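Q: Below is the file work-v2.csv, with CSV, C-alpha atoms.
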```csv
chain,number,residue,atom,x,y,z
A,4,MET,CA,-64.6,41.5,25.1
A,5,HIS,CA,-68.1,41.1,26.7
A,6,GLU,CA,-69.7,41.2,23.2
A,7,ARG,CA,-67.4,38.4,22.0
A,8,LEU,CA,-68.2,36.3,25.1
A,9,VAL,CA,-71.9,36.8,24.5
A,10,ARG,CA,-71.5,35.7,20.9
A,11,GLU,CA,-69.6,32.6,21.8
A,12,SER,CA,-72.3,31.8,24.3
A,13,GLU,CA,-75.0,32.1,21.6
A,14,LYS,CA,-73.1,29.9,19.3
A,15,LYS,CA,-72.6,27.3,22.0
A,16,ARG,CA,-76.3,27.3,22.9
A,17,LEU,CA,-77.5,27.1,19.3
A,18,MET,CA,-75.2,24.2,18.5
A,19,GLY,CA,-76.3,22.6,21.8
A,20,LEU,CA,-79.9,22.9,20.7
A,21,PHE,CA,-79.1,21.4,17.3
A,22,ASN,CA,-77.3,18.4,18.8
A,23,THR,CA,-80.0,17.8,21.4
A,24,LEU,CA,-82.7,17.8,18.7
A,25,LEU,CA,-80.6,15.6,16.4
A,26,ASP,CA,-80.0,13.0,19.1
A,27,PHE,CA,-83.7,13.0,20.0
A,28,PHE,CA,-85.4,13.1,16.6
A,29,GLY,CA,-82.7,11.7,14.3
A,30,GLU,CA,-82.0,13.0,10.8
A,31,GLN,CA,-85.1,14.4,9.1
A,32,ARG,CA,-83.9,14.3,5.5
A,33,TRP,CA,-86.0,17.2,4.3
A,34,TRP,CA,-87.6,18.4,1.9
A,35,PRO,CA,-90.2,15.7,1.4
A,36,ALA,CA,-90.3,15.9,-2.5
A,37,LYS,CA,-89.3,13.7,-5.4
A,38,THR,CA,-87.9,16.5,-7.6
A,39,LYS,CA,-86.6,20.1,-7.2
A,40,PHE,CA,-89.7,21.3,-9.0
A,41,GLU,CA,-91.9,19.6,-6.4
A,42,VAL,CA,-89.9,21.6,-3.8
A,43,VAL,CA,-90.9,24.8,-5.5
A,44,ILE,CA,-94.5,23.7,-5.7
A,45,GLY,CA,-94.5,22.7,-2.1
A,46,ALA,CA,-93.0,26.0,-1.0
A,47,ILE,CA,-95.8,27.9,-2.7
A,48,LEU,CA,-98.6,25.6,-1.6
A,49,THR,CA,-97.5,25.5,2.1
A,50,GLN,CA,-98.2,29.2,2.6
A,51,ASN,CA,-100.8,29.5,5.4
A,52,THR,CA,-101.6,25.8,5.5
A,53,SER,CA,-100.3,22.5,6.9
A,54,TRP,CA,-98.0,20.1,5.1
A,55,THR,CA,-100.7,17.5,5.4
A,56,GLN,CA,-102.9,19.6,3.1
A,57,VAL,CA,-100.1,20.3,0.7
A,58,GLU,CA,-99.5,16.5,0.3
A,59,LYS,CA,-103.2,16.1,-0.7
A,60,ALA,CA,-102.8,18.8,-3.3
A,61,LEU,CA,-99.6,17.2,-4.6
A,62,ILE,CA,-101.4,13.9,-5.0
A,63,GLN,CA,-104.0,15.7,-7.1
A,64,LEU,CA,-101.4,17.5,-9.2
A,65,ARG,CA,-99.6,14.2,-9.8
A,66,LYS,CA,-102.9,12.5,-10.8
A,67,HIS,CA,-103.6,15.2,-13.4
A,68,LYS,CA,-99.9,15.2,-14.6
A,69,LEU,CA,-99.3,18.8,-13.5
A,70,LEU,CA,-95.9,18.3,-11.7
A,71,ASP,CA,-93.8,19.9,-14.4
A,72,PRO,CA,-93.5,23.6,-15.4
A,73,GLU,CA,-94.6,23.1,-19.0
A,74,SER,CA,-97.8,21.3,-18.1
A,75,ILE,CA,-98.7,24.1,-15.6
A,76,CYS,CA,-98.0,26.7,-18.2
A,77,ASN,CA,-100.3,25.0,-20.6
A,78,GLU,CA,-103.1,24.3,-18.1
A,79,SER,CA,-106.0,26.7,-17.3
A,80,LEU,CA,-105.9,28.5,-14.0
A,81,ASP,CA,-109.3,27.0,-13.1
A,82,SER,CA,-108.0,23.5,-13.6
A,83,ILE,CA,-104.9,24.1,-11.5
A,84,ALA,CA,-106.9,25.8,-8.8
A,85,GLU,CA,-109.2,22.8,-8.6
A,86,SER,CA,-106.3,20.4,-8.2
A,87,ILE,CA,-104.7,22.4,-5.3
A,88,LYS,CA,-108.0,23.0,-3.4
A,89,PRO,CA,-106.8,21.0,-0.3
A,90,ALA,CA,-104.0,23.5,0.2
A,91,GLY,CA,-106.4,26.5,0.6
A,92,TYR,CA,-106.2,29.9,-1.1
A,93,PHE,CA,-106.2,27.9,-4.3
A,94,ASN,CA,-107.0,30.7,-6.7
A,95,GLN,CA,-104.2,32.8,-5.4
A,96,LYS,CA,-101.7,29.9,-5.3
A,97,ALA,CA,-102.7,28.7,-8.8
A,98,ALA,CA,-101.8,32.2,-10.1
A,99,TYR,CA,-98.5,32.1,-8.2
A,100,LEU,CA,-97.7,28.7,-9.8
A,101,LYS,CA,-98.6,30.0,-13.2
A,102,GLU,CA,-96.4,33.1,-12.9
A,103,PHE,CA,-93.4,31.1,-11.7
A,104,CYS,CA,-93.7,28.6,-14.5
A,105,SER,CA,-94.2,31.4,-17.1
A,106,HIS,CA,-91.1,33.1,-15.7
A,107,LEU,CA,-89.2,29.8,-16.0
A,108,ARG,CA,-90.4,29.4,-19.6
A,109,ASP,CA,-89.6,32.9,-20.7
A,110,GLN,CA,-86.2,33.3,-19.0
A,111,TYR,CA,-84.8,29.7,-18.8
A,112,ASN,CA,-86.7,27.7,-21.4
A,113,TYR,CA,-88.2,25.7,-18.6
A,114,SER,CA,-84.8,24.8,-17.1
A,115,LEU,CA,-85.2,25.0,-13.3
A,116,ASN,CA,-81.5,24.0,-12.8
A,117,SER,CA,-80.4,27.0,-14.9
A,118,MET,CA,-82.2,29.3,-12.5
A,119,LEU,CA,-81.1,27.6,-9.3
A,120,THR,CA,-77.4,27.7,-10.3
A,121,LYS,CA,-77.4,31.5,-9.9
A,122,GLU,CA,-75.5,33.1,-7.0
A,123,LEU,CA,-77.5,33.1,-3.8
A,124,PRO,CA,-78.2,36.9,-3.5
A,125,VAL,CA,-79.1,37.1,-7.2
A,126,LEU,CA,-81.4,34.1,-7.1
A,127,ARG,CA,-83.1,35.4,-3.9
A,128,GLN,CA,-83.7,38.8,-5.4
A,129,GLU,CA,-85.2,37.2,-8.5
A,130,LEU,CA,-87.5,35.0,-6.5
A,131,LEU,CA,-88.7,37.8,-4.3
A,132,SER,CA,-89.6,39.8,-7.5
A,133,LEU,CA,-92.2,37.2,-8.4
A,134,ASN,CA,-95.8,37.6,-7.3
A,135,GLY,CA,-96.6,35.6,-4.1
A,136,PHE,CA,-93.0,35.0,-3.2
A,137,GLY,CA,-92.1,36.3,0.3
A,138,PRO,CA,-88.8,35.6,2.2
A,139,GLU,CA,-89.9,32.3,3.6
A,140,THR,CA,-91.0,30.9,0.2
A,141,ALA,CA,-87.9,32.2,-1.6
A,142,ASP,CA,-85.6,30.9,1.1
A,143,SER,CA,-87.2,27.4,1.2
A,144,ILE,CA,-86.6,27.1,-2.5
A,145,ILE,CA,-83.0,28.3,-2.2
A,146,LEU,CA,-82.2,26.0,0.7
A,147,TYR,CA,-84.1,22.9,-0.3
A,148,ALA,CA,-84.1,23.0,-4.1
A,149,ALA,CA,-80.9,25.0,-4.8
A,150,ASN,CA,-79.0,23.6,-1.8
A,151,LYS,CA,-77.6,27.0,-1.0
A,152,PRO,CA,-76.9,28.1,2.7
A,153,VAL,CA,-79.8,30.3,3.8
A,154,PHE,CA,-81.7,29.7,7.0
A,155,VAL,CA,-85.5,29.5,6.6
A,156,ILE,CA,-87.5,31.4,9.3
A,157,ASP,CA,-91.0,30.3,9.8
A,158,ALA,CA,-93.7,30.5,12.6
A,159,TYR,CA,-92.3,27.4,14.3
A,160,THR,CA,-88.8,28.9,14.4
A,161,LYS,CA,-90.1,32.2,15.9
A,162,ARG,CA,-92.1,30.4,18.5
A,163,ILE,CA,-89.2,28.2,19.7
A,164,MET,CA,-86.6,30.9,19.7
A,165,LYS,CA,-88.9,33.1,21.8
A,166,ARG,CA,-89.7,30.4,24.3
A,167,LEU,CA,-86.1,29.3,24.7
A,168,GLY,CA,-85.1,32.9,25.1
A,169,LEU,CA,-82.1,32.5,22.8
A,170,THR,CA,-82.7,35.9,21.1
A,171,GLU,CA,-85.2,38.8,21.4
A,172,GLU,CA,-85.3,39.0,17.6
A,173,GLN,CA,-88.7,38.2,16.0
A,174,SER,CA,-88.5,39.8,12.6
A,175,TYR,CA,-87.7,37.6,9.7
A,176,SER,CA,-84.4,39.3,8.8
A,177,GLY,CA,-83.4,39.7,12.4
A,178,LEU,CA,-83.8,36.1,13.2
A,179,GLN,CA,-82.2,34.9,10.0
A,180,ASP,CA,-79.2,37.1,10.8
A,181,PHE,CA,-79.0,35.6,14.2
A,182,PHE,CA,-78.7,32.1,12.8
A,183,HIS,CA,-76.3,33.2,10.0
A,184,SER,CA,-74.1,34.9,12.5
A,185,ASN,CA,-73.9,32.0,15.0
A,186,LEU,CA,-73.7,29.0,12.8
A,187,PRO,CA,-71.3,27.8,10.2
A,188,LYS,CA,-72.7,28.8,6.8
A,189,ASN,CA,-73.5,25.3,5.6
A,190,ALA,CA,-76.6,24.2,3.6
A,191,LYS,CA,-76.8,20.7,5.1
A,192,LEU,CA,-76.6,22.1,8.6
A,193,PHE,CA,-79.3,24.8,7.9
A,194,ASN,CA,-81.5,22.1,6.2
A,195,GLU,CA,-81.3,19.7,9.1
A,196,PHE,CA,-81.6,22.4,11.8
A,197,HIS,CA,-84.7,23.9,10.3
A,198,ALA,CA,-86.3,20.5,9.9
A,199,LEU,CA,-85.6,19.6,13.5
A,200,LEU,CA,-87.2,22.8,14.7
A,201,VAL,CA,-90.3,22.0,12.7
A,202,ALA,CA,-90.3,18.5,14.3
A,203,LEU,CA,-90.0,20.0,17.8
A,204,ALA,CA,-92.8,22.5,17.2
A,205,LYS,CA,-95.2,20.0,15.7
A,206,ASN,CA,-94.7,17.4,18.4
A,207,TYR,CA,-93.9,19.2,21.6
A,208,CYS,CA,-93.6,23.0,21.4
A,209,LEU,CA,-97.3,23.4,20.3
A,210,LYS,CA,-98.8,26.8,19.9
A,211,LYS,CA,-101.6,26.6,22.5
A,212,GLU,CA,-100.8,23.7,24.8
A,213,PRO,CA,-97.1,22.9,24.6
A,214,LEU,CA,-96.1,19.5,26.0
A,215,CYS,CA,-93.4,21.1,28.2
A,216,ILE,CA,-92.8,18.2,30.6
A,217,LYS,CA,-92.0,15.8,27.7
A,218,CYS,CA,-90.1,18.3,25.6
A,219,PRO,CA,-86.5,17.2,24.8
A,220,VAL,CA,-85.2,20.8,25.4
A,221,ARG,CA,-87.3,21.6,28.5
A,222,LEU,CA,-84.1,22.3,30.5
A,223,GLN,CA,-83.2,25.1,28.1
A,224,CYS,CA,-86.6,26.7,28.0
A,225,SER,CA,-87.1,30.2,29.5
A,226,LYS,CA,-90.9,29.5,29.3
A,227,LEU,CA,-90.5,27.0,32.2
A,228,MET,CA,-88.3,29.3,34.1
A,229,ASP,CA,-90.8,32.2,34.3
```
Please re-express this file's structure in structure tokens.

A:
Amino acid sequence: MHERLVRESEKKRLMGLFNTLLDFFGEQRWWPAKTKFEVVIGAILTQNTSWTQVEKALIQLRKHKLLDPESICNESLDSIAESIKPAGYFNQKAAYLKEFCSHLRDQYNYSLNSMLTKELPVLRQELLSLNGFGPETADSIILYAANKPVFVIDAYTKRIMKRLGLTEEQSYSGLQDFFHSNLPKNAKLFNEFHALLVALAKNYCLKKEPLCIKCPVRLQCSKLMD
């Protein structure tokens, strides 16, 4: 009985957080990309860097007509690396892009849609088998390109959950299970919720000097109660 009441409380607080953020920020309409393949590229490039830098790299890739898998397969690693320099770790990320596009060529004849229509667990395992694809990268592609219900856990989400005191979980799988257990399994909801957490972290729940007094969820924050 007690466990069920705790679970209901967690569900209520999570949905309360979502509704507060939605009212404050409005719909985010993520992921900021023109095609599903651009989502994949963005998910790879955003590793260990800001989205601002990723956008600069995408502009260069677009300029050099490297925003489709066949073009990347046929381009040299050095050329790809040069185009994505703004995103950092460009040699590593160029290799990751090459491997993904080669996989798409060999297994799906360059059809990203054929890959993305696989069942969620199968698709996730396949993505995780590729070099450079960790859980966050794989789940970003699954949620934002395949439109399948998996909650993306990033540094912003970990920071906010810890400060709000909603859960003691800090591991990727633990936090993801927390969201999956307490929210309806809905891709649109997961998409919007994750994007709203990013907006909160970037604008108010900053890493070093959070703007607590102006924060829209300050009344729910355990950081301010300490």

Q: Could you tell me which of A:Thr140, A:Ser117, A:Thr38, A:Asn150 comes closest to Asn189 (chain A) if we count all atoms listed in the file?

A: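 Under the stated criterion, the closest residue is A:Asn150.
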
Q: For the atom pair CA of Val57 (chain A) and CA of Phe40 (chain A), what is the interatomic distance in Å to one decimal place?

A: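 Calculated distance between CA of Val57 (chain A) and CA of Phe40 (chain A) is 14.3 Å.
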
Q: So which residues fall inside 12 Å of (-93.9, 23.4, -9.3) if we count all atoms listed in the file? Mind giving them as a PDB file with C-alpha atoms, in the coordinates of the input?

A:
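Saved the output as point.pdb:
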```pdb
ATOM      1  CA  ALA A  36     -90.300  15.900  -2.500  1.00  0.00           C
ATOM      2  CA  LYS A  37     -89.300  13.700  -5.400  1.00  0.00           C
ATOM      3  CA  THR A  38     -87.900  16.500  -7.600  1.00  0.00           C
ATOM      4  CA  LYS A  39     -86.600  20.100  -7.200  1.00  0.00           C
ATOM      5  CA  PHE A  40     -89.700  21.300  -9.000  1.00  0.00           C
ATOM      6  CA  GLU A  41     -91.900  19.600  -6.400  1.00  0.00           C
ATOM      7  CA  VAL A  42     -89.900  21.600  -3.800  1.00  0.00           C
ATOM      8  CA  VAL A  43     -90.900  24.800  -5.500  1.00  0.00           C
ATOM      9  CA  ILE A  44     -94.500  23.700  -5.700  1.00  0.00           C
ATOM     10  CA  GLY A  45     -94.500  22.700  -2.100  1.00  0.00           C
ATOM     11  CA  ALA A  46     -93.000  26.000  -1.000  1.00  0.00           C
ATOM     12  CA  ILE A  47     -95.800  27.900  -2.700  1.00  0.00           C
ATOM     13  CA  LEU A  48     -98.600  25.600  -1.600  1.00  0.00           C
ATOM     14  CA  ALA A  60    -102.800  18.800  -3.300  1.00  0.00           C
ATOM     15  CA  LEU A  61     -99.600  17.200  -4.600  1.00  0.00           C
ATOM     16  CA  LEU A  64    -101.400  17.500  -9.200  1.00  0.00           C
ATOM     17  CA  ARG A  65     -99.600  14.200  -9.800  1.00  0.00           C
ATOM     18  CA  LYS A  68     -99.900  15.200 -14.600  1.00  0.00           C
ATOM     19  CA  LEU A  69     -99.300  18.800 -13.500  1.00  0.00           C
ATOM     20  CA  LEU A  70     -95.900  18.300 -11.700  1.00  0.00           C
ATOM     21  CA  ASP A  71     -93.800  19.900 -14.400  1.00  0.00           C
ATOM     22  CA  PRO A  72     -93.500  23.600 -15.400  1.00  0.00           C
ATOM     23  CA  GLU A  73     -94.600  23.100 -19.000  1.00  0.00           C
ATOM     24  CA  SER A  74     -97.800  21.300 -18.100  1.00  0.00           C
ATOM     25  CA  ILE A  75     -98.700  24.100 -15.600  1.00  0.00           C
ATOM     26  CA  CYS A  76     -98.000  26.700 -18.200  1.00  0.00           C
ATOM     27  CA  ILE A  83    -104.900  24.100 -11.500  1.00  0.00           C
ATOM     28  CA  ILE A  87    -104.700  22.400  -5.300  1.00  0.00           C
ATOM     29  CA  LYS A  96    -101.700  29.900  -5.300  1.00  0.00           C
ATOM     30  CA  ALA A  97    -102.700  28.700  -8.800  1.00  0.00           C
ATOM     31  CA  ALA A  98    -101.800  32.200 -10.100  1.00  0.00           C
ATOM     32  CA  TYR A  99     -98.500  32.100  -8.200  1.00  0.00           C
ATOM     33  CA  LEU A 100     -97.700  28.700  -9.800  1.00  0.00           C
ATOM     34  CA  LYS A 101     -98.600  30.000 -13.200  1.00  0.00           C
ATOM     35  CA  GLU A 102     -96.400  33.100 -12.900  1.00  0.00           C
ATOM     36  CA  PHE A 103     -93.400  31.100 -11.700  1.00  0.00           C
ATOM     37  CA  CYS A 104     -93.700  28.600 -14.500  1.00  0.00           C
ATOM     38  CA  SER A 105     -94.200  31.400 -17.100  1.00  0.00           C
ATOM     39  CA  HIS A 106     -91.100  33.100 -15.700  1.00  0.00           C
ATOM     40  CA  LEU A 107     -89.200  29.800 -16.000  1.00  0.00           C
ATOM     41  CA  TYR A 113     -88.200  25.700 -18.600  1.00  0.00           C
ATOM     42  CA  LEU A 115     -85.200  25.000 -13.300  1.00  0.00           C
ATOM     43  CA  ILE A 144     -86.600  27.100  -2.500  1.00  0.00           C
ATOM     44  CA  ALA A 148     -84.100  23.000  -4.100  1.00  0.00           C
TER      45      ALA A 148
END
```

Q: State, in Å with one decimal place, the distance from CA of Arg108 (chain A) to CA of Asp142 (chain A).

A: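 CA of Asp142 (chain A) lies 21.3 Å from CA of Arg108 (chain A).
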
Q: Which one is closest to Lys88 (chain A): A:Gln110, A:Thr55, A:Gln63, A:Gln31? Count only C-alpha atoms.

A: A:Gln63

Q: How far is it from CA of Ala84 (chain A) to CA of Ala158 (chain A), in Å with one decimal?

A: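 Spanning CA of Ala84 (chain A) to CA of Ala158 (chain A) is a straight-line distance of 25.6 Å.
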
Q: Taking all atoms listed in the file into account, name the residue in A:Lys121, A:Lys66, A:Lys15, A:Lys161 that is nearest to Ser176 (chain A).

A: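 For Ser176 (chain A), the nearest of the given residues is A:Lys161.
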
Q: Near Pro138 (chain A), counting all atoms listed in the file, which residues have an atom at most 10 Å away, once you skip same-chain residues fewer than 6 positions from it, shown as a list in words?

A: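 My reading of the contact set: Arg127, Gln128, Leu130, Leu131, Ile144, Val155, Ile156, Asp157, Tyr175 and Ser176 of chain A.
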
Q: My list of candidates is A:Tyr111, A:Phe136, A:Ala141, A:Leu192. Which is closest to Gln95 (chain A) when distances are computed with all atoms listed in the file?

A: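 Among the listed residues, A:Phe136 lies closest to Gln95 (chain A).
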
Q: Return the single residue from A:Val153, A:Tyr92, A:Asn51, A:Gln56 that is closest to Leu186 (chain A), with distances computed using only C-alpha atoms.

A: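 Distance minimum relative to Leu186 (chain A) lands on A:Val153.
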
Q: Under the rule that only C-alpha atoms are counted, which of A:Ser53, A:Asn185, A:Thr170, A:Asn116 is the nearest residue to Ala149 (chain A)?

A: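 Distance minimum relative to Ala149 (chain A) lands on A:Asn116.
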
Q: Extract, using all atoms listed in the file, all DNA, RNA and protein residues at most 12 Å from Leu209 (chain A), discarding same-chain residues fewer than 3 positions from it, and format them as a ChimeraX atom specification.

A: /A:158-160,162-163,166,200-206,212-215,217-218
